[in-house]
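Working notes, structure below.
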Amino acid sequence: MFQKLRSLRGFQPRFYTGGPTRSHLPLLYDLVACKKPKVVVTLGFGDGQAFFTFCQAVLEQNLESQCVAVRRNRAGEEPNDDVAWVRGNEYGHEFYGHLTRFLHAPPGLVATEFPKASVDFLFLDDSDSGTEIGADLRIWQSKLAPNGLLLVHGTTLERNDNPKVAWLEWTASRRAVEVSEGIGLGIALQPEASEPGEFLLTRLFAGKESLAEVVEIYRLAVARIEAQANADEALRKQAALETRQIWLQFLLDDRWTAQDVMDDQARHISEQAQLLEERGGQLMNQQAALTEQLQRFEALRRDRAKAQLIMDAQQEQVRHWLGVSERLKAEKTELKTELKSMKQLVQFAKAACRRGGKCFQASSEPKTRKPLPAKILRELQRIPRQLGLLSPLAPPSKKGKPAPTKVTPPVDRYAAWIAEHEPDAAALEAQRCSAREMKGRPKFSLLVPVHDTLGRFLDEMLESIVGQTYDNWELCAVDAGSTKPETRERLADWEAREPKLRLLRLSGNLGIAENTNRALAAASGEFIACIDHDDVLAPFALYELARAFTDAPGAEIFYSDEDRLGLDGKRHSPFFKPEWSPSLLTSFMYIGHLTAYRRSLVAELGGFRKEFDFSQDYDLALRATERSRGIHHIPHVLYHWREHPASGSMGGKPEARKSNL
């Protein structure tokens, strides 16, 4: 007769914790199997045993059911703090994802998601309060289908606010039975429900003797499940123990061999320690000498860098003067040929003059008209000067020596490159119009730590930002406790007139990394870029960044070319960088300026690290490029690195070398 009960055919819960609901798992399985509900709602997740028994029954019996778990919200408790709820979510989505839903909200709010008379199976759990059970019953009464089944777990709990009181009040007008196993389980039918046709429900509601018979059968089923669970746990522990014993045996077998190796190593260590002690004094002396040599080498390296700049300029001038010398030699040869021809013409004219008579009259005689040969000679003498053939040669001085030759200054090749490749005023204005219609239009947050900056440098830096042809930017500046009145006054003036400047004032200097982190915290743009307080941006820098983002929307890092800006305001020494090269970045901070990072990536990395002050940008670049999904090079000179004695561009920050290493 009881062979119709599915749980008696070897049912074993897949999700078993041994909690209070273990006393009713076979019965719950069979109630779902015979009732075949469309919607099963578990109000109060608890340890999850009951809910996942419903899911297992639906899956194994091929039922078209939806199982919904509702977590009770307790005051001061968040869902993520409930370990059973979090693990249950993960388990449910992995094994029963297509037929489960997990909701966490007050029961009254969750009930609004279910139409009237739509719930076929309602299980109330995880509550020892009669008041709470009564409120749940009133809220969900209208949601139960006419033939719906209600189950309440915990009816035998003895509390001041006893759940059984609410159960008895609610079942006064309904057919109901109670199973006293564990902490009690109440089962009730709706008032309008017809006679249950299912075998199990018929036996449950047939009378006390029939109920006692069913309870005894399920008590045996629960005992079998517990015995099987204990046996499985024992097998797992036995397997773990056997694995541990094998592992220990391997350790014991190798112990003596390891001891011999250790003894031999100890002898070697003792010998090496004696040698190290003997050489310790020598190494200390060598270390002191090496430190002194490193300091000298560092000084020589800085001097060499400066000398290299001078040599490059001199080499350019030498090339120019060699060219001038070659041109002068060619012109000299040409002039010699021309002069030789002129001399021949002059000799010919003189001969003609002699044949034609006297050419000049004495000063005391009346002035007469010159003869034709004399006029020809005079005009021939004027020809070289009129044709410009004698212009390269200066007129002779009183002592008969020619004056110095005037030399054309050398051509500035980089200035010529700038004029050819960078936009003029008309092109910049066209960029402003194009920027307003650009798609995407990412926002750039420019991070600028400021500390006692010269007013002139600060003005030029800020003017280069305000004058950008791309307008979707913000400037996050941090004044790290500047003591110069000039710096504070300029910042106050700019803050008053520029609405995109977000200025944060600190009481003291926290170091370049932490100062930059304060600016980063104030940033709201999609991308961030760092600018030194005394450098200058090209007017089209942000426009090129935005255009590069449009071309490579998946990239998270953009870097550009750069050059140097002398104290005389002249740009020189351009650095045209290669495409992305991770091996080159491990040699030195080649991406340098101007580099823009996606702000979410920098936040994920934790920003700039104080232990790498003066090389904080290099440290960030090394970490960011390892995680970035895309790195894009912009082949335009967008950043002008200013040269002055205190600048890192001229070796004014020797600490940077140490933090670089």
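Please note that chains go A, B, ... in the order of the structure tokens, that every chain numbers its residues from 1, and that ligands are numbered from 1 in the order shown.
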
**Asked** Would you give me, as an MDAnalysis selection string, the residues in region 389-578 of chain A that DSSP reads as strand (DSSP E)?
**Response** chainID A and resid 444:450 473:480 501:506 527:530 536:537 557:565 571:575

**Prompt:** Smallest atom-to-atom distance to Ala522 (chain A): which of A:His593, A:Arg138, A:Arg599, A:Lys577, using only C-alpha atoms?
**Reply:** A:Arg599

Can you tell me, as a PDB file with N, CA and C atoms, in the first residue's frame, what residues are no more than 9 Å from Val536 (chain A) when counting only C-alpha atoms, ignoring any on the same chain fewer than 5 positions away?
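Writing the result to part38.pdb gives the following:
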ATOM      1  N   PHE A 457      54.967  79.864 -14.006  1.00  0.00           N
ATOM      2  CA  PHE A 457      54.783  78.483 -14.450  1.00  0.00           C
ATOM      3  C   PHE A 457      53.338  78.027 -14.208  1.00  0.00           C
ATOM      4  N   GLU A 460      50.975  79.534 -16.833  1.00  0.00           N
ATOM      5  CA  GLU A 460      51.124  78.919 -18.152  1.00  0.00           C
ATOM      6  C   GLU A 460      50.503  77.518 -18.178  1.00  0.00           C
ATOM      7  N   MET A 461      50.669  76.768 -17.089  1.00  0.00           N
ATOM      8  CA  MET A 461      50.074  75.435 -17.023  1.00  0.00           C
ATOM      9  C   MET A 461      48.550  75.521 -17.086  1.00  0.00           C
ATOM     10  N   LEU A 462      47.956  76.404 -16.273  1.00  0.00           N
ATOM     11  CA  LEU A 462      46.494  76.520 -16.223  1.00  0.00           C
ATOM     12  C   LEU A 462      45.933  77.087 -17.525  1.00  0.00           C
ATOM     13  N   GLU A 463      46.635  78.038 -18.117  1.00  0.00           N
ATOM     14  CA  GLU A 463      46.171  78.598 -19.390  1.00  0.00           C
ATOM     15  C   GLU A 463      46.167  77.539 -20.489  1.00  0.00           C
ATOM     16  N   SER A 464      47.155  76.616 -20.452  1.00  0.00           N
ATOM     17  CA  SER A 464      47.197  75.567 -21.471  1.00  0.00           C
ATOM     18  C   SER A 464      46.025  74.597 -21.319  1.00  0.00           C
ATOM     19  N   ILE A 465      45.511  74.430 -20.093  1.00  0.00           N
ATOM     20  CA  ILE A 465      44.362  73.542 -19.874  1.00  0.00           C
ATOM     21  C   ILE A 465      43.062  74.245 -20.261  1.00  0.00           C
ATOM     22  N   ILE A 531      49.223  65.761 -14.494  1.00  0.00           N
ATOM     23  CA  ILE A 531      49.987  66.856 -15.083  1.00  0.00           C
ATOM     24  C   ILE A 531      50.830  67.480 -13.976  1.00  0.00           C
ATOM     25  N   LEU A 565      60.522  71.853 -22.829  1.00  0.00           N
ATOM     26  CA  LEU A 565      60.231  73.284 -22.931  1.00  0.00           C
ATOM     27  C   LEU A 565      61.290  74.044 -22.139  1.00  0.00           C
ATOM     28  N   LEU A 638      51.809  65.876 -27.311  1.00  0.00           N
ATOM     29  CA  LEU A 638      50.720  66.498 -26.560  1.00  0.00           C
ATOM     30  C   LEU A 638      51.183  67.126 -25.248  1.00  0.00           C
ATOM     31  N   TYR A 639      52.460  66.933 -24.875  1.00  0.00           N
ATOM     32  CA  TYR A 639      52.909  67.375 -23.547  1.00  0.00           C
ATOM     33  C   TYR A 639      54.282  68.028 -23.672  1.00  0.00           C
ATOM     34  N   HIS A 640      54.448  69.199 -23.019  1.00  0.00           N
ATOM     35  CA  HIS A 640      55.716  69.925 -23.039  1.00  0.00           C
ATOM     36  C   HIS A 640      56.291  69.926 -21.625  1.00  0.00           C
ATOM     37  N   TRP A 641      57.368  69.153 -21.441  1.00  0.00           N
ATOM     38  CA  TRP A 641      57.997  68.970 -20.125  1.00  0.00           C
ATOM     39  C   TRP A 641      58.982  70.121 -19.904  1.00  0.00           C
ATOM     40  N   ARG A 642      58.703  70.935 -18.898  1.00  0.00           N
ATOM     41  CA  ARG A 642      59.496  72.139 -18.688  1.00  0.00           C
ATOM     42  C   ARG A 642      60.846  71.803 -18.069  1.00  0.00           C
TER      43      ARG A 642
END

**Asked** Could you pull out the helix (DSSP H, G or I) residues of region 5-236 of chain A from DSSP and send them as a PyMOL selection string?
**Response** chain A and resi 6-8+20-35+49-60+79-81+83-95+107-111+130-143+163-170+199-204+208-236

**Request:** Tell me which of A:His93, A:Asp126, A:His320, A:Val110 sits closest to Asp47 (chain A), counting only C-alpha atoms.
**Result:**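 Closest candidate: A:Asp126.
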
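Straight-line separation from CA of Gly481 (chain A) to CA of Ser507 (chain A): 5.0 Å.
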
**Item:** From A:Thr595, A:Asn230, A:Gln315, A:Gln293, residue lying nearest Leu537 (chain A) [only C-alpha atoms]
**Value:**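 Comparing A:Thr595, A:Asn230, A:Gln315, A:Gln293 against Leu537 (chain A), the winner is A:Thr595.
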
**Request:** Report the distance between CA of Ala426 (chain A) and CA of Arg571 (chain A) in Å, rounded to one decimal place.
**Result:**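 Separation between CA of Ala426 (chain A) and CA of Arg571 (chain A): 21.5 Å.
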
Spatial neighbours of Arg547 (chain A), max dist 9 Å, only C-alpha atoms, sep filter under 5 positions, as a PDB file with C-alpha atoms, in the first residue's frame:
ATOM      1  CA  ALA A 435      34.616  68.380 -30.426  1.00  0.00           C
ATOM      2  CA  MET A 438      32.025  64.122 -31.205  1.00  0.00           C
ATOM      3  CA  ARG A 441      32.634  62.548 -25.466  1.00  0.00           C
ATOM      4  CA  LEU A 542      42.504  66.462 -24.897  1.00  0.00           C
ATOM      5  CA  ALA A 552      39.836  52.436 -29.668  1.00  0.00           C
TER       6      ALA A 552
END

If we count only C-alpha atoms and set the cut-off at 8 Å, which residues sit around Lys500 (chain A), ignoring sequence neighbours fewer than 3 positions away in its own chain? Please answer as a PDB file with N, CA, C and O atoms, in the first residue's frame.
ATOM      1  N   TRP A 473      36.111  68.388 -19.624  1.00  0.00           N
ATOM      2  CA  TRP A 473      37.196  68.073 -18.688  1.00  0.00           C
ATOM      3  C   TRP A 473      36.936  68.752 -17.355  1.00  0.00           C
ATOM      4  O   TRP A 473      36.093  69.643 -17.240  1.00  0.00           O
ATOM      5  N   GLU A 474      37.666  68.317 -16.348  1.00  0.00           N
ATOM      6  CA  GLU A 474      37.693  68.980 -15.052  1.00  0.00           C
ATOM      7  C   GLU A 474      39.130  68.935 -14.534  1.00  0.00           C
ATOM      8  O   GLU A 474      39.891  68.027 -14.870  1.00  0.00           O
ATOM      9  N   LEU A 475      39.493  69.943 -13.740  1.00  0.00           N
ATOM     10  CA  LEU A 475      40.843  70.027 -13.189  1.00  0.00           C
ATOM     11  C   LEU A 475      40.759  69.847 -11.679  1.00  0.00           C
ATOM     12  O   LEU A 475      40.168  70.673 -10.984  1.00  0.00           O
TER      13      LEU A 475
END

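Every protein, DNA or RNA residue with an atom at most 9 Å from Arg203 (chain A), where only C-alpha atoms count and chain neighbours fewer than 6 positions away do not, is listed here: Ser210, Leu211, Glu213 and Val214 of chain A.
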